[in-house]
There are 2 protein chains.
Amino acid sequence: MLITDLVDVLGAAHVLTDPDITVSYETDWTGAFQGRAAAVVRPETTEQVAAVLRICGRHSMPVVPQGGNTGLVGGSVPAGVAAGAVVLSLRRLTSIEPVDAAAGLVTAGAGVTLADVQAHVRAAGYGIGVDFAARDSATVGGIAASNAGGERVLRHGMTRGQVAGLEVVLADGAVVRRLSGLPKDNVGYDLPSLFVGSEGTLGIITRVQLRLVGLPAARTTALLAMADLPAAVDLVALLRATVASLDAVELVFGGGVDLVCAHQGRLAPFPGRSFPPDTPYLLMECVGSTDPTGDLAAAVETATGVLDAVVATTATDRERLWTYREGHTAAVNAVGVPLKLDVAVPLARMSAFVDDLRGLVRAMAPSARLHLWGHLAEANLHVNVTGLDRDDARGREGLTEAILARAAADGGSIGAEHGVGRAKMAWVGLSRSPAELAVIAAMKHALDPAGLLNPGVLVPPYGHGKP
Amino acid sequence: MLITDLVDVLGAAHVLTDPDITVSYETDWTGAFQGRAAAVVRPETTEQVAAVLRICGRHSMPVVPQGGNTGLVGGSVPAGVAAGAVVLSLRRLTSIEPVDAAAGLVTAGAGVTLADVQAHVRAAGYGIGVDFAARDSATVGGIAASNAGGERVLRHGMTRGQVAGLEVVLADGAVVRRLSGLPKDNVGYDLPSLFVGSEGTLGIITRVQLRLVGLPAARTTALLAMADLPAAVDLVALLRATVASLDAVELVFGGGVDLVCAHQGRLAPFPGRSFPPDTPYLLMECVGSTDPTGDLAAAVETATGVLDAVVATTATDRERLWTYREGHTAAVNAVGVPLKLDVAVPLARMSAFVDDLRGLVRAMAPSARLHLWGHLAEANLHVNVTGLDRDDARGREGLTEAILARAAADGGSIGAEHGVGRAKMAWVGLSRSPAELAVIAAMKHALDPAGLLNPGVLVPPYGHGKP
């Protein structure tokens, strides 16, 4: 019997079946997906993960891998066609190896949180090229499986570019290791790149080898209120061309910052001034071996449309400015469970897209509230809509489809950094051609012929949306 | 009939069957592989490439894709099990799009040479993050298919990291395009990363989207004669830790430089001084927005074991120093057709590995001559052996196996940047586990079930070596 077999390998303490305990593993962080698990298993080693997959394979039991369960597309809970699956929590794989300064690498178990691996390498004088607000609960296995983006993509790219190696357990329990740490090792297909971003559908990532990045000696953060979005987009182009030390350009709006201030009981950023809700604010950061404040100030001086600016160079002041950005998710969730979308559109189309988006929400959901923020330098916009009728699934789907179709029509992506998961399955065909979908399906079938790894996520068939 | 079908699509002028003409497509650049083609086809468009693959599929005819035919592992000629295949030359796919400065990208047809795309972007004030000596004949399709390394890997990584998008024709003629240019587009498996480095075995790359990199304002090149290899390795570590502007650290030896000088009728680099053949020389380059000469000089001052140094800052002088490095391949080929290997070993093992290698060649092939050079910062060594009996295949194989096994035992790679091709097939198992080989085979089967794309390259079965 499945449960008995799992208990034999993991011990009863790590095969959870009590609904009071499993519920937190069954519910996704956004609240939009509520699943049901046959059991939640918590292996401690790669070998135990392999044993779990072999057992589940024998029982034809689907497996949903889970890290910090901070994903935003329902990819880590046993919902939809995965209802009744085994949830495979990787959180006990918390080993972390000493920093290898010579090779510029660190290797950590899938369950190590991003914050813990950041602290581990910081103690040796290094950083990690991936960072985002959920760092305290997101795990390195999860960020690799989802190819996480975040706030450092401008300089370091997505997670895929920061992963030097992986250990992965395949559906049949075989273990693939690419952890040589060699900067050149051109022998065969690049399996790490393939597993990064595969959302648990091709194998279970158990160890992640990440590149170390330098810790800049100096950092300057600034928050600017801008006259309008075209001025903000122009400023991004100016900064990219003239400020080599640029590390992040984040976009928020006055209304969102007001929400964060109300939620956290915090003062508004610009003392004595307030701006309308649609005012774009740019949060920008520069890093360097010497103080980059002058570079940043020079660029801002020549920009047009800057209404106000605050600059921070101390860690405390910089953190305060970042809070206006990073506090958005929690502040919006306090308003109500949002419909969450995550799109990219070419920067040249960004202002028109935001105008279209506002018109579209006004027309389709007049009582709803639109919250926008994102990573402007990477043309990535997070779209949150609160105040929708939770029971009106068709209305939510219609709005989702209209927004994603608009992004795709502008040459954009329907899943810029959050991925596909379960939430975007119906609309993958807006971003990917039939030929690409056929390749994805063929590769899935090649590595997981029984379809037991995270069914219903990322891989065709894609449901009822326009394919 | 195959030829008639091909002529119908391409015209008779681009279906070559005259042996006097096809011979240059059948012979690999190293001279080690001599194949035989049913025909050489030269399509001009992606649609023609697709038509060729559909025709060859109908006739169960294997296809060997070829770019500049500058590969070093026999992967682009119809030899071995691919004898009698159609050679698909991509050299007429030479369209090149305007530089997209806003997105930092350029898109070129597979047949554009690396030098041409470099010149194209240089005119707009940018560079390409990949460079190596064969730039005038190597094509962007070939560098993507082989995940080329070269002289800029220290700063920019291998080609895979520089490819933002691809257009690929699959075995069945379907075309996959990922050319959105979006920095974030997390929807489905990352197909470009998979096709890069797949050596023509999964699909035919027809267009390549490459990232632009900045053109540094200042460049300084230095050539140092070092007391011994441990001193050279120590200097690499010192440079990495202290010289942020470091762009390349190449390794040659006194004997190789003498060979280049004799071959090109060139003066020795250190006026009035000569060093023994085993003396390691380091060719290093720094780049920056301001003159990096001071940084480099400061590091070299504190290093131990520096016997002599020349520094170049003008383009002419820098090119002269690079010639001592880039002239190696031609100078060694003039000595005789070499056995060519390309390994990586962790830097900490490099000196011992080179000692072992010398001993091994002395013992196994006393009359042979060993030529070594490589990319020291990336722990990548090119191993060339001349003076072997060309008719003694077993002797050459034995020596190859001994060298590659030595590298693998040191935690190294049997194919650091040149790849596997046909030349290294027997030894892939030294660098890849059975689980990895099974994944590679499964993916190949998924995308090319009939096995018509570049058979005998990269994918199992791997022949008679130790798997």
# chains A, B, ... in the order shown; residues from 1 in each chain; ligands from 1
call {"tool": "select_by_dssp", "arguments": {"residues": "region 16-189 of chain A", "states": "strand (DSSP E or B)", "output": "PyMOL selection string"}}
result
chain A and resi 16+27+34+37-41+63-66+85-89+96+100+105-109+113+126-128+139+163-169+175-178
call {"tool": "interface_residues", "arguments": {"of": "chain A", "to": "chain B", "cutoff": "6 Å", "atoms": "only C-alpha atoms", "output": "PyMOL selection string"}}
result
chain A and resi 176+183-187+189+198+378+413+415-417+419-420+435-436+442+446
call {"tool": "residues_around", "arguments": {"residues": "Leu224 (chain B)", "least_positions_apart": "3", "cutoff": "6 Å", "atoms": "only C-alpha atoms", "output": "PDB file with N, CA and C atoms, in the first residue's frame"}}
result
ATOM      1  N   TYR B 281      53.838  30.821 -20.886  1.00  0.00           N
ATOM      2  CA  TYR B 281      53.606  32.245 -21.151  1.00  0.00           C
ATOM      3  C   TYR B 281      52.124  32.522 -20.882  1.00  0.00           C
ATOM      4  N   LEU B 282      51.835  33.624 -20.242  1.00  0.00           N
ATOM      5  CA  LEU B 282      50.451  34.036 -20.055  1.00  0.00           C
ATOM      6  C   LEU B 282      50.156  35.245 -20.931  1.00  0.00           C
ATOM      7  N   ASP B 308      59.629  37.681 -17.421  1.00  0.00           N
ATOM      8  CA  ASP B 308      59.710  38.823 -18.326  1.00  0.00           C
ATOM      9  C   ASP B 308      58.283  39.205 -18.724  1.00  0.00           C
ATOM     10  N   ALA B 309      58.104  40.410 -19.194  1.00  0.00           N
ATOM     11  CA  ALA B 309      56.760  40.861 -19.572  1.00  0.00           C
ATOM     12  C   ALA B 309      56.847  41.895 -20.669  1.00  0.00           C
TER      13      ALA B 309
END
call {"tool": "residues_around", "arguments": {"residues": "Leu93 (chain A)", "least_positions_apart": "3", "cutoff": "8 Å", "atoms": "only C-alpha atoms", "output": "JSON, numbers by chain"}}
result
{"A": [43, 44, 45, 46, 90, 109, 110, 111, 112, 206]}
call {"tool": "atom_distance", "arguments": {"atom1": "CA of Val99 (chain B)", "atom2": "CA of Ala124 (chain B)"}}
result
7.1 Å
call {"tool": "residues_around", "arguments": {"residues": "Thr314 (chain A)", "least_positions_apart": "4", "cutoff": "10 Å", "atoms": "only C-alpha atoms", "output": "PyMOL selection string"}}
result
chain A and resi 218-221+318-320
call {"tool": "residues_around", "arguments": {"residues": "Leu283 (chain B)", "least_positions_apart": "6", "cutoff": "9 Å", "atoms": "only C-alpha atoms", "output": "VMD selection string"}}
result
chain B and resid 221 to 224 248 to 252 321 to 322 324 to 325
call {"tool": "closest_residue", "arguments": {"among": "B:Thr94, B:Ser60, B:Thr400, B:Asn69", "to": "Ala171 (chain B)", "atoms": "only C-alpha atoms"}}
result
B:Ser60
call {"tool": "select_by_dssp", "arguments": {"residues": "region 32-133 of chain B", "states": "helix (DSSP H, G or I)", "output": "PyMOL selection string"}}
result
chain B and resi 46-58+80-82+114-122+133
call {"tool": "write_last_selection", "arguments": {"atoms": "N, CA and C atoms", "output": "PDB file, in the first residue's frame"}}
result
ATOM      1  N   THR B  46      14.885  29.710 -44.529  1.00  0.00           N
ATOM      2  CA  THR B  46      14.399  28.761 -43.530  1.00  0.00           C
ATOM      3  C   THR B  46      13.404  27.794 -44.152  1.00  0.00           C
ATOM      4  N   GLU B  47      12.541  28.307 -45.029  1.00  0.00           N
ATOM      5  CA  GLU B  47      11.530  27.465 -45.662  1.00  0.00           C
ATOM      6  C   GLU B  47      12.201  26.380 -46.511  1.00  0.00           C
ATOM      7  N   GLN B  48      13.296  26.752 -47.185  1.00  0.00           N
ATOM      8  CA  GLN B  48      14.014  25.742 -47.977  1.00  0.00           C
ATOM      9  C   GLN B  48      14.676  24.695 -47.068  1.00  0.00           C
ATOM     10  N   VAL B  49      15.190  25.138 -45.927  1.00  0.00           N
ATOM     11  CA  VAL B  49      15.760  24.167 -44.975  1.00  0.00           C
ATOM     12  C   VAL B  49      14.673  23.185 -44.547  1.00  0.00           C
ATOM     13  N   ALA B  50      13.484  23.730 -44.242  1.00  0.00           N
ATOM     14  CA  ALA B  50      12.375  22.856 -43.826  1.00  0.00           C
ATOM     15  C   ALA B  50      12.023  21.876 -44.938  1.00  0.00           C
ATOM     16  N   ALA B  51      12.002  22.375 -46.172  1.00  0.00           N
ATOM     17  CA  ALA B  51      11.669  21.495 -47.299  1.00  0.00           C
ATOM     18  C   ALA B  51      12.712  20.391 -47.449  1.00  0.00           C
ATOM     19  N   VAL B  52      13.992  20.744 -47.290  1.00  0.00           N
ATOM     20  CA  VAL B  52      15.057  19.735 -47.379  1.00  0.00           C
ATOM     21  C   VAL B  52      14.846  18.650 -46.324  1.00  0.00           C
ATOM     22  N   LEU B  53      14.521  19.061 -45.105  1.00  0.00           N
ATOM     23  CA  LEU B  53      14.349  18.062 -44.044  1.00  0.00           C
ATOM     24  C   LEU B  53      13.131  17.171 -44.306  1.00  0.00           C
ATOM     25  N   ARG B  54      12.078  17.761 -44.844  1.00  0.00           N
ATOM     26  CA  ARG B  54      10.908  16.932 -45.157  1.00  0.00           C
ATOM     27  C   ARG B  54      11.245  15.915 -46.249  1.00  0.00           C
ATOM     28  N   ILE B  55      11.967  16.367 -47.276  1.00  0.00           N
ATOM     29  CA  ILE B  55      12.358  15.450 -48.368  1.00  0.00           C
ATOM     30  C   ILE B  55      13.259  14.343 -47.829  1.00  0.00           C
ATOM     31  N   CYS B  56      14.278  14.722 -47.053  1.00  0.00           N
ATOM     32  CA  CYS B  56      15.198  13.711 -46.522  1.00  0.00           C
ATOM     33  C   CYS B  56      14.446  12.749 -45.607  1.00  0.00           C
ATOM     34  N   GLY B  57      13.475  13.269 -44.856  1.00  0.00           N
ATOM     35  CA  GLY B  57      12.669  12.405 -44.001  1.00  0.00           C
ATOM     36  C   GLY B  57      11.916  11.358 -44.812  1.00  0.00           C
ATOM     37  N   ARG B  58      11.314  11.822 -45.919  1.00  0.00           N
ATOM     38  CA  ARG B  58      10.572  10.881 -46.763  1.00  0.00           C
ATOM     39  C   ARG B  58      11.479   9.790 -47.317  1.00  0.00           C
ATOM     40  N   GLY B  80      31.885   8.312 -40.867  1.00  0.00           N
ATOM     41  CA  GLY B  80      31.419   7.250 -39.967  1.00  0.00           C
ATOM     42  C   GLY B  80      30.045   6.763 -40.368  1.00  0.00           C
ATOM     43  N   VAL B  81      29.141   6.628 -39.395  1.00  0.00           N
ATOM     44  CA  VAL B  81      27.802   6.119 -39.712  1.00  0.00           C
ATOM     45  C   VAL B  81      27.010   7.093 -40.572  1.00  0.00           C
ATOM     46  N   ALA B  82      27.492   8.346 -40.707  1.00  0.00           N
ATOM     47  CA  ALA B  82      26.799   9.330 -41.538  1.00  0.00           C
ATOM     48  C   ALA B  82      27.326   9.358 -42.972  1.00  0.00           C
ATOM     49  N   LEU B 114      31.048  34.793 -37.773  1.00  0.00           N
ATOM     50  CA  LEU B 114      31.235  35.520 -36.522  1.00  0.00           C
ATOM     51  C   LEU B 114      31.868  36.886 -36.785  1.00  0.00           C
ATOM     52  N   ALA B 115      32.855  36.933 -37.685  1.00  0.00           N
ATOM     53  CA  ALA B 115      33.511  38.214 -37.991  1.00  0.00           C
ATOM     54  C   ALA B 115      32.518  39.205 -38.581  1.00  0.00           C
ATOM     55  N   ASP B 116      31.613  38.728 -39.443  1.00  0.00           N
ATOM     56  CA  ASP B 116      30.643  39.640 -40.060  1.00  0.00           C
ATOM     57  C   ASP B 116      29.654  40.174 -39.033  1.00  0.00           C
ATOM     58  N   VAL B 117      29.181  39.343 -38.127  1.00  0.00           N
ATOM     59  CA  VAL B 117      28.246  39.857 -37.120  1.00  0.00           C
ATOM     60  C   VAL B 117      28.983  40.784 -36.148  1.00  0.00           C
ATOM     61  N   GLN B 118      30.238  40.483 -35.871  1.00  0.00           N
ATOM     62  CA  GLN B 118      31.035  41.386 -35.031  1.00  0.00           C
ATOM     63  C   GLN B 118      31.169  42.759 -35.695  1.00  0.00           C
ATOM     64  N   ALA B 119      31.492  42.761 -36.992  1.00  0.00           N
ATOM     65  CA  ALA B 119      31.654  44.041 -37.704  1.00  0.00           C
ATOM     66  C   ALA B 119      30.332  44.791 -37.758  1.00  0.00           C
ATOM     67  N   HIS B 120      29.249  44.059 -37.970  1.00  0.00           N
ATOM     68  CA  HIS B 120      27.917  44.653 -38.059  1.00  0.00           C
ATOM     69  C   HIS B 120      27.549  45.377 -36.765  1.00  0.00           C
ATOM     70  N   VAL B 121      27.771  44.768 -35.637  1.00  0.00           N
ATOM     71  CA  VAL B 121      27.390  45.412 -34.374  1.00  0.00           C
ATOM     72  C   VAL B 121      28.425  46.457 -33.960  1.00  0.00           C
ATOM     73  N   ARG B 122      29.676  46.268 -34.368  1.00  0.00           N
ATOM     74  CA  ARG B 122      30.711  47.251 -34.016  1.00  0.00           C
ATOM     75  C   ARG B 122      30.387  48.603 -34.650  1.00  0.00           C
ATOM     76  N   ALA B 133      39.760  32.531 -32.782  1.00  0.00           N
ATOM     77  CA  ALA B 133      40.623  32.731 -33.946  1.00  0.00           C
ATOM     78  C   ALA B 133      39.938  32.416 -35.274  1.00  0.00           C
TER      79      ALA B 133
END
call {"tool": "closest_residue", "arguments": {"among": "A:Asp317, A:Asn454, A:Val213, A:Leu238", "to": "Ala145 (chain A)", "atoms": "only C-alpha atoms"}}
result
A:Asn454
call {"tool": "closest_residue", "arguments": {"among": "B:Arg390, B:Arg422, B:Arg152, B:Arg36", "to": "Gly456 (chain B)", "atoms": "only C-alpha atoms"}}
result
B:Arg422
call {"tool": "residues_around", "arguments": {"residues": "Leu72 (chain B)", "least_positions_apart": "2", "cutoff": "8 Å", "atoms": "only C-alpha atoms", "output": "ChimeraX atom specification"}}
result
/B:28-30,70,74-75,340,418
call {"tool": "write_last_selection", "arguments": {"atoms": "all heavy atoms", "output": "mmCIF file, in the first residue's frame"}}
result
data_model
loop_
_atom_site.group_PDB
_atom_site.id
_atom_site.type_symbol
_atom_site.label_atom_id
_atom_site.label_comp_id
_atom_site.auth_asym_id
_atom_site.auth_seq_id
_atom_site.Cartn_x
_atom_site.Cartn_y
_atom_site.Cartn_z
ATOM 1 N N ASP B 28 36.823 17.349 -43.004
ATOM 2 C CA ASP B 28 36.756 18.281 -41.887
ATOM 3 C C ASP B 28 38.041 19.079 -41.799
ATOM 4 O O ASP B 28 39.074 18.709 -42.353
ATOM 5 C CB ASP B 28 36.376 17.559 -40.592
ATOM 6 C CG ASP B 28 37.529 17.308 -39.681
ATOM 7 O OD1 ASP B 28 38.544 16.787 -40.161
ATOM 8 O OD2 ASP B 28 37.413 17.638 -38.484
ATOM 9 N N TRP B 29 37.967 20.173 -41.119
ATOM 10 C CA TRP B 29 39.019 21.163 -41.083
ATOM 11 C C TRP B 29 40.298 20.600 -40.483
ATOM 12 O O TRP B 29 41.397 20.996 -40.828
ATOM 13 C CB TRP B 29 38.507 22.359 -40.269
ATOM 14 C CG TRP B 29 39.367 23.551 -40.317
ATOM 15 C CD1 TRP B 29 39.372 24.528 -41.262
ATOM 16 C CD2 TRP B 29 40.352 23.919 -39.360
ATOM 17 N NE1 TRP B 29 40.306 25.469 -40.960
ATOM 18 C CE2 TRP B 29 40.919 25.132 -39.794
ATOM 19 C CE3 TRP B 29 40.812 23.340 -38.177
ATOM 20 C CZ2 TRP B 29 41.921 25.778 -39.085
ATOM 21 C CZ3 TRP B 29 41.811 23.977 -37.466
ATOM 22 C CH2 TRP B 29 42.365 25.183 -37.924
ATOM 23 N N THR B 30 40.162 19.642 -39.559
ATOM 24 C CA THR B 30 41.353 19.081 -38.916
ATOM 25 C C THR B 30 42.060 18.081 -39.825
ATOM 26 O O THR B 30 43.192 17.702 -39.559
ATOM 27 C CB THR B 30 40.982 18.329 -37.617
ATOM 28 O OG1 THR B 30 40.233 17.150 -37.971
ATOM 29 C CG2 THR B 30 40.143 19.196 -36.698
ATOM 30 N N THR B 70 34.446 24.616 -39.407
ATOM 31 C CA THR B 70 35.687 24.853 -38.647
ATOM 32 C C THR B 70 35.700 24.084 -37.334
ATOM 33 O O THR B 70 36.567 24.303 -36.496
ATOM 34 C CB THR B 70 35.858 26.348 -38.334
ATOM 35 O OG1 THR B 70 34.708 26.781 -37.596
ATOM 36 C CG2 THR B 70 35.994 27.173 -39.590
ATOM 37 N N GLY B 74 34.959 16.737 -35.880
ATOM 38 C CA GLY B 74 34.360 15.963 -36.970
ATOM 39 C C GLY B 74 32.846 15.947 -36.989
ATOM 40 O O GLY B 74 32.241 15.094 -37.642
ATOM 41 N N GLY B 75 32.228 16.924 -36.329
ATOM 42 C CA GLY B 75 30.774 16.912 -36.226
ATOM 43 C C GLY B 75 30.037 17.439 -37.434
ATOM 44 O O GLY B 75 28.817 17.310 -37.521
ATOM 45 N N LYS B 340 43.963 15.896 -31.801
ATOM 46 C CA LYS B 340 43.525 17.107 -31.094
ATOM 47 C C LYS B 340 42.587 16.743 -29.958
ATOM 48 O O LYS B 340 41.532 16.143 -30.186
ATOM 49 C CB LYS B 340 42.789 18.055 -32.058
ATOM 50 C CG LYS B 340 43.693 18.677 -33.114
ATOM 51 C CD LYS B 340 42.936 19.653 -34.006
ATOM 52 C CE LYS B 340 42.833 21.029 -33.416
ATOM 53 N NZ LYS B 340 44.090 21.789 -33.433
ATOM 54 N N HIS B 418 35.245 22.201 -27.420
ATOM 55 C CA HIS B 418 35.092 21.729 -28.807
ATOM 56 C C HIS B 418 33.908 20.796 -28.968
ATOM 57 O O HIS B 418 33.436 20.578 -30.084
ATOM 58 C CB HIS B 418 36.361 21.009 -29.284
ATOM 59 C CG HIS B 418 37.558 21.913 -29.361
ATOM 60 N ND1 HIS B 418 38.827 21.436 -29.514
ATOM 61 C CD2 HIS B 418 37.661 23.256 -29.284
ATOM 62 C CE1 HIS B 418 39.675 22.457 -29.546
ATOM 63 N NE2 HIS B 418 38.996 23.566 -29.396
#
call {"tool": "atom_distance", "arguments": {"atom1": "CA of Leu388 (chain A)", "atom2": "CA of Gly150 (chain A)"}}
result
26.9 Å
call {"tool": "atom_distance", "arguments": {"atom1": "CA of Asp136 (chain A)", "atom2": "CA of Leu215 (chain A)"}}
result
19.5 Å
call {"tool": "decode", "arguments": {"residues": "region 365-379 of chain B", "atoms": "N, CA, C and O atoms", "output": "PDB file, in the first residue's frame"}}
result
ATOM      1  N   ALA B 365      54.154   7.336 -26.571  1.00  0.00           N
ATOM      2  CA  ALA B 365      54.482   7.706 -27.953  1.00  0.00           C
ATOM      3  C   ALA B 365      55.788   8.496 -27.939  1.00  0.00           C
ATOM      4  O   ALA B 365      55.798   9.716 -28.135  1.00  0.00           O
ATOM      5  N   PRO B 366      56.890   7.801 -27.720  1.00  0.00           N
ATOM      6  CA  PRO B 366      58.173   8.496 -27.493  1.00  0.00           C
ATOM      7  C   PRO B 366      58.592   9.415 -28.635  1.00  0.00           C
ATOM      8  O   PRO B 366      59.283  10.407 -28.413  1.00  0.00           O
ATOM      9  N   SER B 367      58.186   9.099 -29.868  1.00  0.00           N
ATOM     10  CA  SER B 367      58.635   9.942 -30.983  1.00  0.00           C
ATOM     11  C   SER B 367      57.643  11.070 -31.286  1.00  0.00           C
ATOM     12  O   SER B 367      57.860  11.857 -32.205  1.00  0.00           O
ATOM     13  N   ALA B 368      56.562  11.141 -30.540  1.00  0.00           N
ATOM     14  CA  ALA B 368      55.555  12.173 -30.800  1.00  0.00           C
ATOM     15  C   ALA B 368      55.943  13.483 -30.126  1.00  0.00           C
ATOM     16  O   ALA B 368      56.829  13.530 -29.273  1.00  0.00           O
ATOM     17  N   ARG B 369      55.247  14.542 -30.531  1.00  0.00           N
ATOM     18  CA  ARG B 369      55.527  15.856 -29.967  1.00  0.00           C
ATOM     19  C   ARG B 369      54.220  16.404 -29.404  1.00  0.00           C
ATOM     20  O   ARG B 369      53.186  16.391 -30.064  1.00  0.00           O
ATOM     21  N   LEU B 370      54.296  16.886 -28.161  1.00  0.00           N
ATOM     22  CA  LEU B 370      53.112  17.390 -27.459  1.00  0.00           C
ATOM     23  C   LEU B 370      53.080  18.912 -27.540  1.00  0.00           C
ATOM     24  O   LEU B 370      54.069  19.581 -27.229  1.00  0.00           O
ATOM     25  N   HIS B 371      51.953  19.458 -27.976  1.00  0.00           N
ATOM     26  CA  HIS B 371      51.756  20.913 -28.028  1.00  0.00           C
ATOM     27  C   HIS B 371      50.583  21.249 -27.118  1.00  0.00           C
ATOM     28  O   HIS B 371      49.496  20.691 -27.284  1.00  0.00           O
ATOM     29  N   LEU B 372      50.800  22.177 -26.217  1.00  0.00           N
ATOM     30  CA  LEU B 372      49.753  22.550 -25.264  1.00  0.00           C
ATOM     31  C   LEU B 372      49.498  24.046 -25.313  1.00  0.00           C
ATOM     32  O   LEU B 372      50.434  24.840 -25.360  1.00  0.00           O
ATOM     33  N   TRP B 373      48.233  24.425 -25.292  1.00  0.00           N
ATOM     34  CA  TRP B 373      47.865  25.817 -25.072  1.00  0.00           C
ATOM     35  C   TRP B 373      46.411  25.845 -24.633  1.00  0.00           C
ATOM     36  O   TRP B 373      45.732  24.798 -24.702  1.00  0.00           O
ATOM     37  N   GLY B 374      45.947  26.975 -24.200  1.00  0.00           N
ATOM     38  CA  GLY B 374      44.549  26.977 -23.788  1.00  0.00           C
ATOM     39  C   GLY B 374      44.125  28.244 -23.085  1.00  0.00           C
ATOM     40  O   GLY B 374      44.824  29.266 -23.113  1.00  0.00           O
ATOM     41  N   HIS B 375      42.944  28.153 -22.486  1.00  0.00           N
ATOM     42  CA  HIS B 375      42.315  29.276 -21.807  1.00  0.00           C
ATOM     43  C   HIS B 375      42.470  29.018 -20.316  1.00  0.00           C
ATOM     44  O   HIS B 375      41.644  28.339 -19.699  1.00  0.00           O
ATOM     45  N   LEU B 376      43.527  29.556 -19.725  1.00  0.00           N
ATOM     46  CA  LEU B 376      43.875  29.140 -18.367  1.00  0.00           C
ATOM     47  C   LEU B 376      42.836  29.594 -17.341  1.00  0.00           C
ATOM     48  O   LEU B 376      42.530  28.853 -16.405  1.00  0.00           O
ATOM     49  N   ALA B 377      42.291  30.783 -17.504  1.00  0.00           N
ATOM     50  CA  ALA B 377      41.330  31.265 -16.512  1.00  0.00           C
ATOM     51  C   ALA B 377      40.138  30.330 -16.400  1.00  0.00           C
ATOM     52  O   ALA B 377      39.527  30.216 -15.344  1.00  0.00           O
ATOM     53  N   GLU B 378      39.789  29.662 -17.510  1.00  0.00           N
ATOM     54  CA  GLU B 378      38.656  28.726 -17.489  1.00  0.00           C
ATOM     55  C   GLU B 378      39.127  27.284 -17.361  1.00  0.00           C
ATOM     56  O   GLU B 378      38.347  26.348 -17.564  1.00  0.00           O
ATOM     57  N   ALA B 379      40.419  27.093 -17.034  1.00  0.00           N
ATOM     58  CA  ALA B 379      40.946  25.750 -16.770  1.00  0.00           C
ATOM     59  C   ALA B 379      40.806  24.826 -17.980  1.00  0.00           C
ATOM     60  O   ALA B 379      40.588  23.635 -17.835  1.00  0.00           O
TER      61      ALA B 379
END
